[in-house]
Structures are given as C-alpha cells and as structure tokens.
file run-v7.cif (mmCIF, C-alpha atoms and all ligand atoms)
data_target
loop_
_atom_site.label_atom_id
_atom_site.label_comp_id
_atom_site.auth_asym_id
_atom_site.auth_seq_id
_atom_site.Cartn_x
_atom_site.Cartn_y
_atom_site.Cartn_z
CA MET L 1 -30.19 48.68 83.55
CA ILE L 2 -31.13 50.03 87.02
CA LYS L 3 -32.00 53.27 85.21
CA ASP L 4 -34.45 51.27 83.04
CA TYR L 5 -36.04 49.67 86.07
CA LEU L 6 -36.66 53.12 87.47
CA LYS L 7 -38.43 54.52 84.41
CA ILE L 8 -41.90 54.83 85.92
CA ARG L 9 -44.80 55.73 83.66
CA SER L 10 -47.83 55.59 85.99
CA PRO L 11 -48.82 55.25 89.68
CA GLN L 12 -49.92 51.71 88.84
CA GLU L 13 -46.42 50.95 87.62
CA LEU L 14 -44.89 52.49 90.76
CA LEU L 15 -47.06 50.18 92.89
CA LYS L 16 -45.99 47.12 90.84
CA LEU L 17 -42.36 48.09 91.23
CA ALA L 18 -42.73 48.43 95.01
CA GLN L 19 -44.40 45.00 95.08
CA GLY L 20 -41.57 43.61 92.96
CA ALA L 21 -39.01 44.94 95.45
CA TYR L 22 -40.98 43.39 98.34
CA ASN L 23 -41.06 40.00 96.57
CA TYR L 24 -37.37 40.13 95.74
CA PHE L 25 -36.09 41.10 99.17
CA CYS L 26 -38.63 39.37 101.46
CA GLU L 27 -39.07 36.14 99.44
CA PRO L 28 -42.74 35.58 100.45
CA THR L 29 -44.60 32.38 99.56
CA HIS L 30 -47.50 34.43 98.16
CA VAL L 31 -46.08 37.12 95.89
CA LEU L 32 -47.66 40.50 95.16
CA GLY L 33 -48.08 42.13 91.75
CA GLY L 34 -46.34 40.40 88.87
CA PRO L 35 -42.87 39.59 87.56
CA ILE L 36 -40.35 42.35 86.80
CA TYR L 37 -38.40 40.05 84.48
CA VAL L 38 -39.42 37.26 82.12
CA GLN L 39 -37.68 35.17 79.57
CA ILE L 40 -39.89 34.40 76.57
CA GLU L 41 -38.99 31.63 74.15
CA PRO L 42 -39.57 32.97 70.63
CA THR L 43 -39.08 29.64 68.84
CA THR L 44 -38.05 26.03 69.23
CA PHE L 45 -36.71 25.80 65.66
CA CYS L 46 -32.97 25.85 65.21
CA ASN L 47 -30.52 25.99 62.30
CA LEU L 48 -27.77 24.17 64.26
CA SER L 49 -27.28 21.11 66.37
CA CYS L 50 -24.62 22.12 68.90
CA ILE L 51 -22.96 19.30 70.79
CA MET L 52 -23.63 20.70 74.27
CA CYS L 53 -27.18 21.93 73.68
CA SER L 54 -30.23 20.08 74.86
CA HIS L 55 -31.97 21.09 71.60
CA SER L 56 -29.74 18.58 69.83
CA HIS L 57 -30.57 15.75 72.22
CA HIS L 58 -34.27 16.31 72.75
CA SER L 59 -36.17 13.62 70.92
CA ASP L 60 -39.65 15.15 71.08
CA LEU L 61 -39.17 18.91 71.11
CA ARG L 62 -42.36 20.79 70.23
CA LYS L 63 -41.49 22.70 67.02
CA LYS L 64 -43.18 26.09 67.09
CA ASN L 65 -42.76 29.85 66.63
CA LEU L 66 -44.44 32.29 69.00
CA SER L 67 -46.96 34.35 66.97
CA ARG L 68 -47.64 38.09 67.24
CA GLU L 69 -51.10 37.41 68.66
CA GLU L 70 -49.66 35.09 71.30
CA PHE L 71 -47.02 37.65 72.23
CA ASP L 72 -49.71 40.36 72.54
CA THR L 73 -51.70 38.08 74.87
CA LEU L 74 -48.66 37.48 77.07
CA PHE L 75 -47.70 41.15 77.03
CA ASP L 76 -51.14 42.33 78.12
CA LYS L 77 -50.90 40.04 81.15
CA LEU L 78 -47.41 41.20 82.13
CA TYR L 79 -47.69 44.95 81.60
CA PRO L 80 -47.48 47.14 83.65
CA GLY L 81 -44.92 45.77 86.05
CA ILE L 82 -42.59 44.00 83.68
CA LYS L 83 -39.26 45.84 83.20
CA LYS L 84 -37.08 43.43 81.26
CA ILE L 85 -37.75 40.69 78.68
CA SER L 86 -35.17 38.26 77.34
CA PHE L 87 -36.22 36.72 74.06
CA VAL L 88 -34.36 33.45 74.20
CA GLY L 89 -35.10 29.80 74.77
CA ILE L 90 -34.18 26.50 73.21
CA GLY L 91 -33.93 27.46 69.54
CA GLU L 92 -32.60 30.25 67.36
CA PRO L 93 -34.53 33.52 67.93
CA LEU L 94 -33.68 34.92 64.48
CA LEU L 95 -35.77 32.13 62.96
CA ASN L 96 -38.87 33.89 64.25
CA LYS L 97 -39.61 36.67 61.72
CA ASP L 98 -41.66 38.50 64.37
CA LEU L 99 -38.76 38.93 66.79
CA SER L 100 -38.35 42.63 65.98
CA TYR L 101 -42.12 43.13 66.44
CA PHE L 102 -41.84 41.70 69.99
CA ILE L 103 -38.86 43.95 70.72
CA GLU L 104 -40.41 47.07 69.22
CA LYS L 105 -43.61 46.66 71.21
CA SER L 106 -41.64 46.11 74.44
CA SER L 107 -39.39 49.11 73.77
CA LYS L 108 -42.44 51.36 73.26
CA PHE L 109 -43.35 50.60 76.86
CA LYS L 110 -39.78 51.25 78.06
CA ILE L 111 -39.05 47.60 78.69
CA HIS L 112 -35.39 46.58 78.45
CA THR L 113 -35.00 43.87 75.79
CA HIS L 114 -32.40 41.25 75.21
CA THR L 115 -31.80 38.33 72.86
CA THR L 116 -29.17 35.65 72.30
CA THR L 117 -28.33 34.29 68.86
CA ASN L 118 -25.80 31.97 67.27
CA GLY L 119 -25.13 34.85 64.85
CA LEU L 120 -25.29 32.78 61.68
CA LEU L 121 -28.57 34.20 60.41
CA ILE L 122 -27.67 37.85 60.90
CA ASP L 123 -28.16 39.94 57.77
CA GLU L 124 -28.50 43.64 56.97
CA ASN L 125 -32.30 43.54 57.17
CA ASN L 126 -32.71 41.80 60.50
CA LEU L 127 -29.89 43.86 62.04
CA ARG L 128 -31.52 47.10 60.95
CA ALA L 129 -34.90 45.88 62.22
CA LEU L 130 -33.47 44.92 65.63
CA LYS L 131 -31.64 48.23 65.93
CA GLU L 132 -34.72 50.27 65.01
CA ALA L 133 -36.89 48.15 67.32
CA GLY L 134 -34.74 49.36 70.22
CA LEU L 135 -32.97 46.13 71.20
CA LYS L 136 -30.76 46.89 74.21
CA ASN L 137 -28.63 43.79 74.53
CA LEU L 138 -27.46 41.32 71.88
CA ASN L 139 -25.58 38.21 72.94
CA ILE L 140 -23.78 36.14 70.34
CA SER L 141 -22.82 32.59 71.22
CA ILE L 142 -19.39 31.64 69.91
CA ASP L 143 -17.63 28.74 71.52
CA ALA L 144 -14.34 28.80 69.63
CA PRO L 145 -12.14 31.38 67.92
CA GLU L 146 -11.18 29.09 65.05
CA LYS L 147 -12.90 27.16 62.26
CA GLU L 148 -12.30 23.51 63.04
CA LEU L 149 -13.28 23.59 66.68
CA TYR L 150 -16.15 26.02 66.08
CA GLU L 151 -17.68 23.77 63.45
CA THR L 152 -17.18 20.68 65.63
CA ILE L 153 -19.06 22.28 68.52
CA ARG L 154 -21.61 24.28 66.55
CA ARG L 155 -22.63 21.44 64.24
CA GLY L 156 -24.10 22.82 61.01
CA GLY L 157 -22.37 26.16 61.57
CA ASN L 158 -19.97 27.91 59.21
CA PHE L 159 -17.09 29.83 60.74
CA GLN L 160 -16.53 32.03 57.68
CA ARG L 161 -20.20 33.04 57.65
CA LEU L 162 -19.97 33.86 61.35
CA CYS L 163 -16.96 36.13 60.74
CA ASP L 164 -18.70 37.84 57.79
CA ASN L 165 -21.74 38.47 60.01
CA LEU L 166 -19.59 39.90 62.80
CA LEU L 167 -18.08 42.32 60.27
CA LEU L 168 -21.58 43.31 59.19
CA LEU L 169 -22.51 43.87 62.80
CA GLN L 170 -19.51 46.14 63.21
CA LYS L 171 -20.42 48.10 60.04
CA THR L 172 -23.98 48.80 61.21
CA ASN L 173 -22.72 50.39 64.44
CA ILE L 174 -25.46 48.61 66.34
CA GLN L 175 -23.19 48.91 69.38
CA ASN L 176 -23.97 52.62 69.59
CA ARG L 177 -27.42 51.71 70.88
CA CYS L 178 -27.19 48.12 71.97
CA GLU L 179 -24.65 46.26 74.06
CA VAL L 180 -23.09 43.37 72.10
CA VAL L 181 -21.58 40.55 74.16
CA VAL L 182 -20.00 37.27 73.11
CA TRP L 183 -20.93 34.22 75.20
CA PHE L 184 -18.77 31.11 75.43
CA VAL L 185 -19.82 27.77 76.95
CA GLY L 186 -16.64 26.35 78.49
CA THR L 187 -16.18 22.60 77.91
CA VAL L 188 -13.15 20.28 77.92
CA GLU L 189 -12.92 20.71 74.15
CA ASN L 190 -12.61 24.46 74.09
CA ILE L 191 -11.45 25.73 77.50
CA SER L 192 -7.83 26.16 76.42
CA PHE L 193 -9.00 28.42 73.56
CA PHE L 194 -10.80 30.83 75.87
CA PRO L 195 -7.94 33.38 76.12
CA ASP L 196 -7.83 33.55 72.30
CA MET L 197 -11.46 34.65 72.30
CA VAL L 198 -10.28 38.05 73.54
CA GLY L 199 -8.26 38.84 70.39
CA PHE L 200 -10.98 37.30 68.24
CA VAL L 201 -13.83 39.50 69.52
CA LYS L 202 -11.58 42.58 69.56
CA LYS L 203 -11.08 42.21 65.75
CA PHE L 204 -14.80 42.87 65.33
CA GLY L 205 -14.98 45.77 67.76
CA ILE L 206 -16.75 43.70 70.45
CA LYS L 207 -15.78 44.74 73.97
CA LYS L 208 -17.09 42.00 76.24
CA VAL L 209 -16.83 38.23 76.44
CA VAL L 210 -18.49 36.02 79.06
CA MET L 211 -17.77 32.42 79.95
CA GLN L 212 -20.38 30.09 81.40
CA VAL L 213 -20.13 26.38 82.13
CA GLU L 214 -22.32 23.67 80.74
CA GLN L 215 -25.75 23.14 82.35
CA SER L 216 -27.67 19.89 82.46
CA TRP L 217 -30.92 21.87 82.02
CA GLY L 218 -32.44 19.91 84.91
CA GLN L 219 -33.24 17.02 82.59
CA GLU L 220 -32.62 13.40 83.51
CA TYR L 221 -32.00 12.27 79.92
CA TRP L 222 -29.47 15.08 79.52
CA LYS L 223 -27.66 14.17 82.72
CA ALA L 224 -27.27 10.61 81.43
CA ILE L 225 -25.75 11.85 78.15
CA HIS L 226 -23.56 14.25 80.05
CA ALA L 227 -22.30 11.58 82.47
CA GLN L 228 -20.98 9.43 79.61
CA ASN L 229 -19.47 12.40 77.97
CA GLU L 230 -15.91 13.60 77.97
CA ARG L 231 -17.15 17.11 78.65
CA SER L 232 -18.27 16.16 82.13
CA LYS L 233 -14.58 16.15 83.01
CA LEU L 234 -14.54 19.94 83.09
CA ALA L 235 -14.89 19.80 86.82
CA ASP L 236 -11.36 21.10 87.06
CA PHE L 237 -11.99 24.61 88.31
CA SER L 238 -8.28 25.35 88.56
CA LEU L 239 -8.06 25.02 84.76
CA ILE L 240 -11.07 27.29 84.29
CA HIS L 241 -9.50 29.72 86.74
CA LYS L 242 -6.18 29.71 84.88
CA LYS L 243 -7.79 30.30 81.49
CA LEU L 244 -9.99 33.06 82.88
CA GLU L 245 -6.97 34.80 84.38
CA GLU L 246 -5.09 34.56 81.09
CA ALA L 247 -8.09 35.94 79.22
CA LYS L 248 -8.53 38.79 81.72
CA GLU L 249 -4.87 39.72 81.38
CA ARG L 250 -5.17 39.88 77.59
CA GLY L 251 -8.45 41.77 77.92
CA LYS L 252 -6.76 44.44 80.07
CA HIS L 253 -4.26 45.14 77.32
CA CYS L 254 -6.77 45.50 74.52
CA GLY L 255 -9.85 46.91 76.21
CA VAL L 256 -12.03 43.78 76.24
CA GLN L 257 -13.91 42.97 79.45
CA VAL L 258 -13.81 39.31 80.47
CA HIS L 259 -16.51 37.93 82.77
CA TYR L 260 -17.86 34.60 83.94
CA VAL L 261 -21.22 33.46 85.25
CA ASN L 262 -22.69 30.18 86.44
CA ILE L 263 -19.45 28.80 87.83
CA PRO L 264 -20.91 27.67 91.11
CA ASP L 265 -19.39 27.63 94.56
CA LYS L 266 -21.15 24.52 95.85
CA SER L 267 -20.18 25.34 99.42
CA SER L 268 -22.08 28.63 99.24
CA LYS L 269 -25.74 29.28 100.03
CA ARG L 270 -28.56 29.74 97.54
CA ALA L 271 -28.22 32.71 95.22
CA CYS L 272 -31.22 31.97 93.00
CA LYS L 273 -34.02 34.56 93.21
CA TRP L 274 -36.03 33.45 90.18
CA PRO L 275 -39.39 32.66 91.87
CA TRP L 276 -39.40 36.14 93.43
CA LYS L 277 -38.42 38.15 90.37
CA GLY L 278 -39.87 36.38 87.34
CA PHE L 279 -40.19 33.25 85.26
CA TYR L 280 -39.64 31.60 81.91
CA ILE L 281 -42.42 31.28 79.33
CA SER L 282 -42.08 28.51 76.78
CA VAL L 283 -43.08 28.99 73.16
CA ASP L 284 -46.41 27.35 73.95
CA GLY L 285 -47.12 29.59 76.96
CA LEU L 286 -46.06 27.27 79.79
CA VAL L 287 -44.69 29.08 82.84
CA THR L 288 -41.63 27.38 84.34
CA PRO L 289 -39.59 28.62 87.33
CA CYS L 290 -36.58 29.58 85.17
CA CYS L 291 -34.80 28.87 81.89
CA ILE L 292 -33.20 25.67 83.19
CA HIS L 293 -36.63 24.06 83.31
CA GLY L 294 -37.58 25.55 79.96
CA THR L 295 -35.99 22.77 77.90
CA ASP L 296 -38.89 20.52 78.65
CA PRO L 297 -41.56 22.58 80.42
CA ARG L 298 -43.76 19.54 80.75
CA THR L 299 -41.44 18.33 83.53
CA LEU L 300 -42.28 21.27 85.77
CA HIS L 301 -44.60 24.16 85.03
CA PHE L 302 -47.19 26.20 86.90
CA GLY L 303 -49.76 26.87 84.18
CA ASN L 304 -50.20 28.33 80.73
CA LEU L 305 -50.13 32.11 80.49
CA LEU L 306 -51.68 32.05 77.03
CA VAL L 307 -54.91 30.70 78.49
CA GLU L 308 -54.82 31.39 82.25
CA GLU L 309 -54.72 34.62 84.22
CA LEU L 310 -51.38 35.71 85.74
CA GLU L 311 -52.70 35.71 89.31
CA ASP L 312 -54.04 32.15 88.93
CA ILE L 313 -50.57 30.98 87.99
CA LEU L 314 -48.40 33.13 90.28
CA ASN L 315 -49.99 32.08 93.52
CA ASN L 316 -51.31 28.62 92.81
CA ILE L 317 -50.42 25.85 95.22
CA LYS L 318 -47.75 24.37 92.97
CA TYR L 319 -45.88 27.66 92.61
CA LYS L 320 -46.19 28.44 96.32
CA ASN L 321 -44.83 25.00 97.21
CA PHE L 322 -41.94 25.58 94.86
CA ARG L 323 -41.11 28.87 96.62
CA LYS L 324 -41.33 27.17 100.02
CA GLY L 325 -39.00 24.41 98.77
CA LEU L 326 -36.46 26.88 97.50
CA ARG L 327 -36.29 28.58 100.88
CA LEU L 328 -35.17 25.36 102.57
CA GLU L 329 -31.50 24.68 103.29
CA VAL L 330 -31.32 21.79 100.82
CA PRO L 331 -32.11 22.61 97.17
CA PRO L 332 -35.27 21.02 95.73
CA ARG L 333 -34.65 18.04 93.44
CA PHE L 334 -35.21 20.17 90.33
CA CYS L 335 -32.53 22.65 91.33
CA GLN L 336 -29.83 20.32 92.58
CA ASP L 337 -27.74 20.40 89.40
CA CYS L 338 -28.37 23.98 88.46
CA THR L 339 -25.19 26.02 88.33
CA SER L 340 -27.18 29.20 89.08
CA TYR L 341 -28.53 27.89 92.39
CA TYR L 342 -25.32 28.82 94.23
CA HIS L 343 -23.26 31.98 94.40
CA PRO L 344 -20.49 32.02 91.79
CA LEU L 345 -16.99 30.98 92.76
CA GLN L 346 -14.77 33.92 93.59
CA LEU L 347 -12.05 33.36 91.02
C1 LIG K 401 -29.98 27.48 73.95
S1 LIG K 401 -29.17 28.82 73.17
C2 LIG K 401 -30.44 29.60 72.24
C3 LIG K 401 -29.99 30.82 71.49
C4 LIG K 401 -29.18 30.61 70.24
N1 LIG K 401 -29.60 29.54 69.47
C5 LIG K 401 -27.69 30.51 70.58
O1 LIG K 401 -27.07 29.49 70.30
O2 LIG K 401 -27.19 31.50 71.11
C6 LIG K 401 -28.94 29.97 74.51
C7 LIG K 401 -27.57 29.93 75.11
O3 LIG K 401 -27.38 28.67 75.77
C8 LIG K 401 -26.05 28.25 75.54
N2 LIG K 401 -25.98 26.80 75.77
C9 LIG K 401 -26.25 25.79 74.94
N3 LIG K 401 -26.08 24.61 75.57
C10 LIG K 401 -25.69 24.89 76.83
C11 LIG K 401 -25.38 24.10 77.98
N4 LIG K 401 -25.44 22.78 77.96
N5 LIG K 401 -25.03 24.74 79.13
C12 LIG K 401 -24.99 26.10 79.19
N6 LIG K 401 -25.30 26.90 78.14
C13 LIG K 401 -25.63 26.29 76.97
C14 LIG K 401 -25.78 28.68 74.13
O4 LIG K 401 -24.39 28.73 73.85
C15 LIG K 401 -26.42 30.05 74.11
O5 LIG K 401 -25.51 31.03 74.57
S1 LIG K 402 -27.00 26.37 71.30
FE1 LIG K 402 -28.39 27.61 70.09
S2 LIG K 402 -27.75 27.24 67.99
FE2 LIG K 402 -26.92 25.61 69.17
S3 LIG K 402 -28.46 23.95 69.01
FE3 LIG K 402 -28.83 25.11 70.92
S4 LIG K 402 -30.37 26.55 70.35
FE4 LIG K 402 -29.43 25.83 68.43
#
call {"tool": "encode", "arguments": {"input": "run-v7.cif", "output": "structure tokens"}}
result
Amino acid sequence: MIKDYLKIRSPQELLKLAQGAYNYFCEPTHVLGGPIYVQIEPTTFCNLSCIMCSHSHHSDLRKKNLSREEFDTLFDKLYPGIKKISFVGIGEPLLNKDLSYFIEKSSKFKIHTHTTTNGLLIDENNLRALKEAGLKNLNISIDAPEKELYETIRRGGNFQRLCDNLLLLQKTNIQNRCEVVVWFVGTVENISFFPDMVGFVKKFGIKKVVMQVEQSWGQEYWKAIHAQNERSKLADFSLIHKKLEEAKERGKHCGVQVHYVNIPDKSSKRACKWPWKGFYISVDGLVTPCCIHGTDPRTLHFGNLLVEELEDILNNIKYKNFRKGLRLEVPPRFCQDCTSYYHPLQL
C-alpha cells in the first residue's frame, strides 16, 4: 500500500503528495492540494436487506447507479493526487455493471482500488473483469459461518450460493493479484460464532478475517432503531475480547490472520484523520466527511463534486468549520457515536 502511494508519475503528482502529507500531519483548517483517498459509492441498489444495515431501514434512499460519465467527471477532478479509491457505499457494488470500468481506469493511473461486496452476485464474468481491471483488494462481508444464522442476518441471502461463489473465487486464483479479506460485523446474534469463521474462510483459501462492530452511521433514526434493539447489548467488550482471542488462536494454527477494527477505546483521544486525507462521495456526487455520513448525505455534506470544482468544496466555510470542530477536545455532534473517532481498544 505504502509502495502504491509512492508511485509518482509526474512533478505535479509529487507536489500533490507533499501537500497531502502536510494536510495529514499538520491538520490545517485550509488544506492544500486534494484528497489522497476517496470512497466512491457506486450504487444505492441492493440485493439484500441485512438486519444491521442502514440500507434496510432507510425509508427514502435515493436509488441510483453511478454512470461512467459521472465517474469520469469525478476522476478528472481528483487526479493527479488521488492514490486510493474504495468503491463502496450503501448498496451492493456488483449491481453496477460499470464497476470494472471504474477500477480499470483507476488502475491505469496507478491508483490502488478496493471494493466490498456481499459476495452473492459473484460469477465467472464479473470476477474475470475485476481481476483484469487490476482490483487490489476485495472484501467479502460474511457475518456467520452457517446457513441459519447467515440467512437471518443477511436477509434475502443464500448460504449455499455464497459457498459456491467462494469456491469460484478460489478457482480463479484472484488472490494471486488481489487481497481477499472476509469482514464480519459483530453483533449479539453472531459474536459467539466468530472463532468458527476462521475454519470457514480457510476452507476457501482465504487468509484474513476482520471483525468490526456495528455503527449507527451517524443517523438519528438509526440510533432509535438500534436503542430498542437486542444488538445494542453488544457493549460487552470482554465477550468480544474473548471471542477475538479464540479466533486468533485458531488462526495461528491454520495460517489465517485475525484482525479487528472500529472497536473504540472511548477513553482515548481522536484518531480520525478523514478531513485531512479524503472524503466520501455519494452516488449523486455529494461530498461528505466520511462513510459514516454517507448513509444520508443530505444530513451533512460540503457540496456536489459532479457540478462544483474541488477547490470550492475543499475549502468552503462549512468544510473548514468541520475541520476546526474536529480539532477540539470534544467530538462534534456528528462524530459522537462514530466508532472510528477514537483509537481502537488494545485487546
Ligand atoms: C454497507 S455494506 C455495502 C457493501 C456490500 N453490500 C456488503 O454487504 O458488503 C459495506 C460494509 O458495511 C457493513 N455493515 C453493514 N451494516 C453495518 C453496521 N451497522 N455497522 C458496521 N458495518 C456495517 C457490511 O457488512 C459491509 O461489510
Ligand atoms: S450490508 Fe450490504 S448487502 Fe446488506 S443491506 Fe447493506 S448494502 Fe445490502
């Protein structure tokens, strides 16, 4: 990854990279250059309705795919300078037939690309296309290693189809060129199954599994649902700790790395660097501070990159005020529930 950041193709790109480093380390209110990382939402359509996902609870989600022309417009405003793009948002990226076009264009300019999928729409054609497009990192979201629980969490999903697709993935050897990682959202329903994920992913030749905890996506309506929900009881970090340790132990024996992210240490200081490294772009071009605010970008956004210039967005008063707010001791209202605001717990 660092290697990718250091692939410099022109003096202009070197300058942007130096500006990016200044922004990241000095955290100025007025940033220089442009983002080094963005997350672009390829679609808001989805084939599932997962119990913990805000997509399933959002009553007026704008249903849209990002088009090639729109991607080209965004790309021209971000390059040079941009070094990594994650193609993920609230929806299933494989439902956008132009996903491999976005990745191929980015790869041509030596930009590291990443996407996250529920894995149910994988087939030989889209796998080949992603591989040839130069995808560098493929995350697959699987929240249970067995049928009943999987299909309860991933509503509309089919466990057998998932397993068939993981076999296909293994057959194509995509892992020779692209890192494949399984992601698991830990909830009260599935936390005790986490150690079994190690043996499950190993069967398909996958070498890394990552646990994250449930986010409220910064949305008031979501917090209300979450508060009434049994899943909110997963505040028991000692249980998470125990299951992580068990999983790590199993991983050591069979060569599977076990990681966790987003498990916050609320007594720590701010870890979030988003406003000084990049932003999230919704399917309709709205620039939000990060993915947490991407669920409903109308709540907080700094402009529309499809129609405005990058500089007019990056250093407008709203964005600058947001940066100032994030530098204060107390997190801004929008960040108070974000699990990425803090440093992770040292488990
Ligand atoms: C919103 S999904 C979109 C990509 C794709 N549809 C998928 O399921 O992987 C992106 C990631 O967010 C995770 N996710 C969904 N709801 C979540 C929540 N409440 N908290 C944290 N992560 C969540 C998913 O498991 C997935 O790994
Ligand atoms: S987690 Fe992914 S697959 Fe599930 S509803 Fe959300 S966007 Fe769709």
call {"tool": "closest_residue", "arguments": {"input": "run-v7.cif", "among": "L:Leu305, L:Ile103, L:Leu120, L:Ile85", "to": "L:Val38", "atoms": "only C-alpha atoms"}}
result
L:Ile85
call {"tool": "residues_around", "arguments": {"input": "run-v7.cif", "residues": "stretch 260-264 of chain L", "least_positions_apart": "6", "cutoff": "7 Å", "atoms": "all atoms listed in the file", "output": "ChimeraX atom specification"}}
result
/L:210-213,339-340,342-345
call {"tool": "residues_near_ligand", "arguments": {"input": "run-v7.cif", "ligand": "ligand LIG 401 (chain K)", "cutoff": "6 Å", "atoms": "only C-alpha atoms and all ligand atoms", "output": "JSON, numbers by chain"}}
result
{"L": [52, 53, 88, 89, 90, 91, 92, 116, 117, 118, 140, 141, 183, 185, 213, 214, 215, 216]}
call {"tool": "write_last_selection", "arguments": {"input": "run-v7.cif", "atoms": "C-alpha atoms", "output": "PDB file, in the coordinates of the input"}}
result
ATOM      1  CA  MET L  52     -23.630  20.700  74.270  1.00  0.00           C
ATOM      2  CA  CYS L  53     -27.180  21.930  73.680  1.00  0.00           C
ATOM      3  CA  VAL L  88     -34.360  33.450  74.200  1.00  0.00           C
ATOM      4  CA  GLY L  89     -35.100  29.800  74.770  1.00  0.00           C
ATOM      5  CA  ILE L  90     -34.180  26.500  73.210  1.00  0.00           C
ATOM      6  CA  GLY L  91     -33.930  27.460  69.540  1.00  0.00           C
ATOM      7  CA  GLU L  92     -32.600  30.250  67.360  1.00  0.00           C
ATOM      8  CA  THR L 116     -29.170  35.650  72.300  1.00  0.00           C
ATOM      9  CA  THR L 117     -28.330  34.290  68.860  1.00  0.00           C
ATOM     10  CA  ASN L 118     -25.800  31.970  67.270  1.00  0.00           C
ATOM     11  CA  ILE L 140     -23.780  36.140  70.340  1.00  0.00           C
ATOM     12  CA  SER L 141     -22.820  32.590  71.220  1.00  0.00           C
ATOM     13  CA  TRP L 183     -20.930  34.220  75.200  1.00  0.00           C
ATOM     14  CA  VAL L 185     -19.820  27.770  76.950  1.00  0.00           C
ATOM     15  CA  VAL L 213     -20.130  26.380  82.130  1.00  0.00           C
ATOM     16  CA  GLU L 214     -22.320  23.670  80.740  1.00  0.00           C
ATOM     17  CA  GLN L 215     -25.750  23.140  82.350  1.00  0.00           C
ATOM     18  CA  SER L 216     -27.670  19.890  82.460  1.00  0.00           C
TER      19      SER L 216
END
call {"tool": "residues_around", "arguments": {"input": "run-v7.cif", "residues": "L:Ile313", "least_positions_apart": "4", "cutoff": "10 Å", "atoms": "only C-alpha atoms", "output": "list in words"}}
result
Val287, His301, Phe302, Gly303, Asn304, Leu305, Glu308, Glu309, Ile317, Lys318, Tyr319 and Lys320 of chain L
call {"tool": "atom_distance", "arguments": {"input": "run-v7.cif", "atom1": "atom CA of L:Cys26", "atom2": "atom CA of L:Tyr341"}}
result
17.8 Å
call {"tool": "atom_distance", "arguments": {"input": "run-v7.cif", "atom1": "atom CA of L:Lys273", "atom2": "atom CA of L:Lys108"}}
result
27.4 Å
call {"tool": "closest_residue", "arguments": {"input": "run-v7.cif", "among": "L:Gly157, L:Asn47, L:Val330, L:Thr115", "to": "L:Ser268", "atoms": "all atoms listed in the file"}}
result
L:Val330
call {"tool": "closest_residue", "arguments": {"input": "run-v7.cif", "among": "L:Leu14, L:Leu66, L:Leu121, L:Cys272", "to": "L:Pro331", "atoms": "only C-alpha atoms"}}
result
L:Cys272
call {"tool": "residues_around", "arguments": {"input": "run-v7.cif", "residues": "L:Val283", "least_positions_apart": "2", "cutoff": "12 Å", "atoms": "all atoms listed in the file", "output": "number ranges by chain"}}
result
L: 39-45, 61-68, 70-71, 74, 87-91, 93, 96, 280-281, 285-288, 294-297, 304-306
call {"tool": "atom_distance", "arguments": {"input": "run-v7.cif", "atom1": "atom CA of L:Leu239", "atom2": "atom CA of L:Ser267"}}
result
19.0 Å
call {"tool": "closest_residue", "arguments": {"input": "run-v7.cif", "among": "L:Pro332, L:Pro80, L:Pro289, L:Pro145", "to": "L:Gly199", "atoms": "only C-alpha atoms"}}
result
L:Pro145
call {"tool": "closest_residue", "arguments": {"input": "run-v7.cif", "among": "L:Ile142, L:Val307, L:Leu149, L:Val188", "to": "ligand LIG 402 (chain K)", "atoms": "all atoms listed in the file"}}
result
L:Ile142
call {"tool": "closest_residue", "arguments": {"input": "run-v7.cif", "among": "L:Gly205, L:Gly134, L:Pro11, L:Gly33", "to": "L:Ser100", "atoms": "only C-alpha atoms"}}
result
L:Gly134
call {"tool": "residues_around", "arguments": {"input": "run-v7.cif", "residues": "L:Pro195", "least_positions_apart": "3", "cutoff": "6 Å", "atoms": "all atoms listed in the file", "output": "ChimeraX atom specification"}}
result
/L:198,246-247
call {"tool": "residues_around", "arguments": {"input": "run-v7.cif", "residues": "L:Asn190", "least_positions_apart": "6", "cutoff": "10 Å", "atoms": "only C-alpha atoms", "output": "JSON, numbers by chain"}}
result
{"L": [143, 144, 145, 149, 150, 153, 184, 231]}
call {"tool": "residues_near_point", "arguments": {"input": "run-v7.cif", "point": "(-37.0, 40.2, 64.9)", "cutoff": "9 Å", "atoms": "all atoms listed in the file", "output": "list in words"}}
result
Pro93, Leu94, Leu95, Asn96, Lys97, Asp98, Leu99, Ser100, Tyr101, Phe102, Ile103, Glu104, Asn126, Leu127, Ala129, Leu130 and Ala133 of chain L
call {"tool": "decode", "arguments": {"input": "run-v7.cif", "residues": "stretch 284-295 of chain L", "atoms": "N, CA and C atoms", "output": "CSV table (one decimal), in the first residue's frame"}}
result
chain,number,residue,atom,x,y,z
L,284,ASP,N,-24.7,10.3,-5.9
L,284,ASP,CA,-25.2,11.5,-6.6
L,284,ASP,C,-24.2,12.7,-6.5
L,285,GLY,N,-22.9,12.4,-6.1
L,285,GLY,CA,-21.9,13.4,-6.1
L,285,GLY,C,-21.7,14.2,-4.9
L,286,LEU,N,-22.5,13.9,-3.8
L,286,LEU,CA,-22.3,14.8,-2.6
L,286,LEU,C,-21.1,14.3,-1.8
L,287,VAL,N,-20.4,15.4,-1.4
L,287,VAL,CA,-19.1,15.1,-0.6
L,287,VAL,C,-19.4,15.2,0.9
L,288,THR,N,-19.2,14.1,1.5
L,288,THR,CA,-19.5,14.0,3.0
L,288,THR,C,-18.1,13.8,3.7
L,289,PRO,N,-18.0,14.1,5.0
L,289,PRO,CA,-16.7,14.0,5.6
L,289,PRO,C,-16.1,12.6,5.6
L,290,CYS,N,-17.0,11.5,5.6
L,290,CYS,CA,-16.5,10.2,5.7
L,290,CYS,C,-17.7,9.2,5.4
L,291,CYS,N,-17.4,7.9,5.4
L,291,CYS,CA,-18.5,7.0,5.0
L,291,CYS,C,-19.7,7.0,6.0
L,292,ILE,N,-19.4,7.3,7.3
L,292,ILE,CA,-20.4,7.2,8.3
L,292,ILE,C,-21.5,8.2,7.9
L,293,HIS,N,-21.2,9.3,7.3
L,293,HIS,CA,-22.2,10.3,7.0
L,293,HIS,C,-22.7,10.1,5.6
L,294,GLY,N,-22.2,9.0,4.9
L,294,GLY,CA,-22.7,8.7,3.6
L,294,GLY,C,-24.1,8.1,3.5
L,295,THR,N,-24.6,7.5,4.6
L,295,THR,CA,-25.9,6.9,4.5
L,295,THR,C,-26.9,7.9,4.1
